[in-house]
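> Let me give you the structure first, and then I'll get to my questions.
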Amino acid sequence: MGVHDGHRKRLKTQFLIHGEDFHDHQLLELLLCYAIPQGDVNGLAHALLDQFGSLAGVFDALPASLTRVDGVGEHTAVLLKLIPKLAGRYSTIRSSPGYILASSRAARDYLLPYFQTGPRNEMVYLVCMDAKYKVLGCHKLGEGTVNAADITPRRVVELALAHNASAVLLAHNHVSGLALPSNADLLTTETLARVLREVGVELADHLIFTEDDMVSLKDSGLLNGYPNPY
């Protein structure tokens with residue numbers, strides 16, 4: 001590993017740990033590493049900031065102006081122009097109302113389409129939410145036999161943490177046509193609630209669907225240990 005490769009690796013590691021403390025030139029330097037795969041880009045980061053005055057100035061500069069800076073080619077200019085576009089799209093998505101599952105009825109309406117195709121197997125979904133129960137993501141955990149579907153606590157925790165979720169909602173269907181929870185459903189709910197609690201995530205509810213019915217374990221008083229979010 002060369003000197004510059006070692007520096008880049010340290011820079012990436014430091015960003016993952018202390019990224020909020022990075023100076024503008026360090027952030028720009030790290031970004032340039034992905035446009036220019038080899039060599040020292042620290043000087044180029046400083047040159048760009050000197051030329052355009054600030055990070056905002058760099059990102060707002062016209063492509064033609066960027067490529068006039070020695071060391072900036074088309075590839076680098078495209079990456080620099082991509083950043084504000086991505087940031088704008090991200091801000092729009094984050095500030096939009098989105099889906100708020102603040103009641104079992106709202107959760108039912110959101111999840112019902114996933115179970116309306118008449119599946120012959122049990123399917124399990126996990127909805128990750130923020131502290132206001134806004135949906136961050138919905139994932140299919142698995143598909144089981146007509147009698148059972150396997151839910152792995154580790155997978156549930158991984159997805160919750162990957163979304164930085166404050167709460168999650170579990171949902172699955174009963175192909176028998178009866179939405180009443182089984183002993184296995186109750187045991188799974190208790191296990192997941194305990195495991196998630198250990199990592200600071202709330203299991204807001206566990207919904208069981210059939211073709212024409214839905215049961216909320218929270219509303220039924222079968223999910224204990226958490227304040228009612230609804």
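FYI, nothing fancy with the structure tokens labels: chains A, B, ... in order, residues from 1 per chain, ligands from 1 as they appear.
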Please provide the set of residues having any atom within 12 Å of A:Lys12, restricted to only C-alpha atoms, with same-chain residues fewer than 2 positions apart removed, written as a list in words.
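My list of contacting residues is Asp5, Gly6, His7, Arg8, Lys9, Arg10, Gln14, Phe15, Leu16, Ile17, His18, Gly19, Phe22, Gln26, Leu27, Glu29, Leu30, Leu31, Leu32, Cys33 and Tyr34 of chain A.
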> DSSP on the backbone: which residues in stretch 114-203 of chain A end up as alpha helix (DSSP H)? Give the answer as a list of chain:residue names.
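So, restricting stretch 114-203 of chain A to alpha helix (DSSP H), we get A:Pro153, A:Arg154, A:Arg155, A:Val156, A:Val157, A:Glu158, A:Leu159, A:Ala160, A:Leu161, A:Ala162, A:Asn183, A:Ala184, A:Asp185, A:Leu186, A:Leu187, A:Thr188, A:Thr189, A:Glu190, A:Thr191, A:Leu192, A:Ala193, A:Arg194, A:Val195, A:Leu196, A:Arg197, A:Glu198.
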> Please identify the strand (DSSP E) residues within stretch 3-220 of chain A (assignment by DSSP from backbone atoms) and present them as a count of residues only.
34
> Could the residues of stretch 175-224 of chain A that have an atom at most 8 Å from stretch 148-171 of chain A be listed as a tab-separated table, each with its closest atom pair and the distance in Å to one decimal, counting only C-alpha atoms and ordered by chain and ascending residue number?

```
residue	atom	partner	partner_atom	distance
A:Thr188	CA	A:Ile151	CA	7.7
A:Thr191	CA	A:Pro153	CA	7.8
A:Leu192	CA	A:Pro153	CA	6.0
A:Val195	CA	A:Pro153	CA	7.1
A:Leu196	CA	A:Val157	CA	6.4
A:Val199	CA	A:Val157	CA	7.9
A:Gly200	CA	A:Ser166	CA	7.3
A:Val201	CA	A:Ser166	CA	5.0
A:Glu202	CA	A:Ala167	CA	4.4
A:Leu203	CA	A:Val168	CA	5.2
A:Ala204	CA	A:Leu169	CA	5.4
A:Asp205	CA	A:Leu169	CA	5.1
A:His206	CA	A:Leu170	CA	4.6
A:Leu207	CA	A:Ala171	CA	4.6
A:Ile208	CA	A:Ala171	CA	5.8
A:Phe209	CA	A:Ala171	CA	7.5
```
> Selected residues, C-alpha atoms, written as a compact mmCIF listing (two decimals), in the first residue's frame, please.

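This went into again.txt:
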```
# COMPACT_ATOMS: atom_id res chain seq x y z
CA THR A 188 -42.24 -14.47 18.16
CA THR A 191 -38.94 -12.43 21.49
CA LEU A 192 -38.67 -9.62 18.96
CA VAL A 195 -34.43 -8.17 21.36
CA LEU A 196 -35.40 -4.83 19.83
CA VAL A 199 -31.01 -1.95 20.93
CA GLY A 200 -33.40 0.91 21.71
CA VAL A 201 -36.04 0.14 19.08
CA GLU A 202 -39.77 -0.12 19.80
CA LEU A 203 -41.91 -2.93 18.40
CA ALA A 204 -44.96 -0.76 17.75
CA ASP A 205 -47.30 -3.53 16.66
CA HIS A 206 -47.66 -6.95 15.09
CA LEU A 207 -50.46 -7.18 12.54
CA ILE A 208 -51.95 -10.44 11.30
CA PHE A 209 -53.81 -10.38 7.99
```
> Write out, as JSON lines, each residue of stretch 114-222 of chain A that has an atom at most 7 Å from stretch 97-102 of chain A, together with the closest pair of atoms and their distance in Å to one decimal, counting only C-alpha atoms, rows going by chain and rising number.

```
{"residue": "A:Tyr133", "atom": "CA", "partner": "A:Leu101", "partner_atom": "CA", "distance": 5.4}
{"residue": "A:Lys134", "atom": "CA", "partner": "A:Ile100", "partner_atom": "CA", "distance": 4.3}
{"residue": "A:Val135", "atom": "CA", "partner": "A:Tyr99", "partner_atom": "CA", "distance": 5.5}
```
> Quick one: everything within 10 Å of stretch 61-67 of chain A, counting only C-alpha atoms, minus sequence neighbours fewer than 5 positions away in the same chain. Send it as number ranges by chain.
A: 48, 51-52, 55-56, 72-78, 80-81
> Could you check which of A:Cys128, A:Leu178, A:Leu111, A:Val58 is closest to A:Pro84, using only C-alpha atoms?
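Ranked by minimum distance to A:Pro84, first place goes to A:Val58.
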> One decimal, Å: what's the distance from atom CA of A:Leu44 over to atom CA of A:Gly71, could you say?
6.8 Å
> For A:Val215, which of A:His139, A:Arg108, A:Lys85, A:Arg194 is the closest residue, counting only C-alpha atoms?
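For A:Val215, the nearest of the given residues is A:Arg108.
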> Please report the interatomic distance between atom CA of A:Leu141 and atom CA of A:Leu126 in Å with one decimal.
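Here the two named atoms are 6.6 Å from each other.
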> Do you know which residues are at most 10 Å from A:Leu222 counting only C-alpha atoms, after dropping those on the same chain fewer than 3 positions away, and could you put them as a list in words?
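Those residues are Pro181, Leu186, Thr189, Glu190, Asp205, His206, Ser216, Leu217, Lys218, Asp219 and Gly225 of chain A.
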> Calculate how many Å separate atom CA of A:Ala131 from atom CA of A:Tyr110, rounding to one decimal.
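Distance reported for this atom pair: 17.7 Å.
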> Would you please work out which residue, of A:Asp70, A:Asp24, A:Glu122, A:Asp212, is nearest to A:Leu49 when using only C-alpha atoms?
A:Asp24
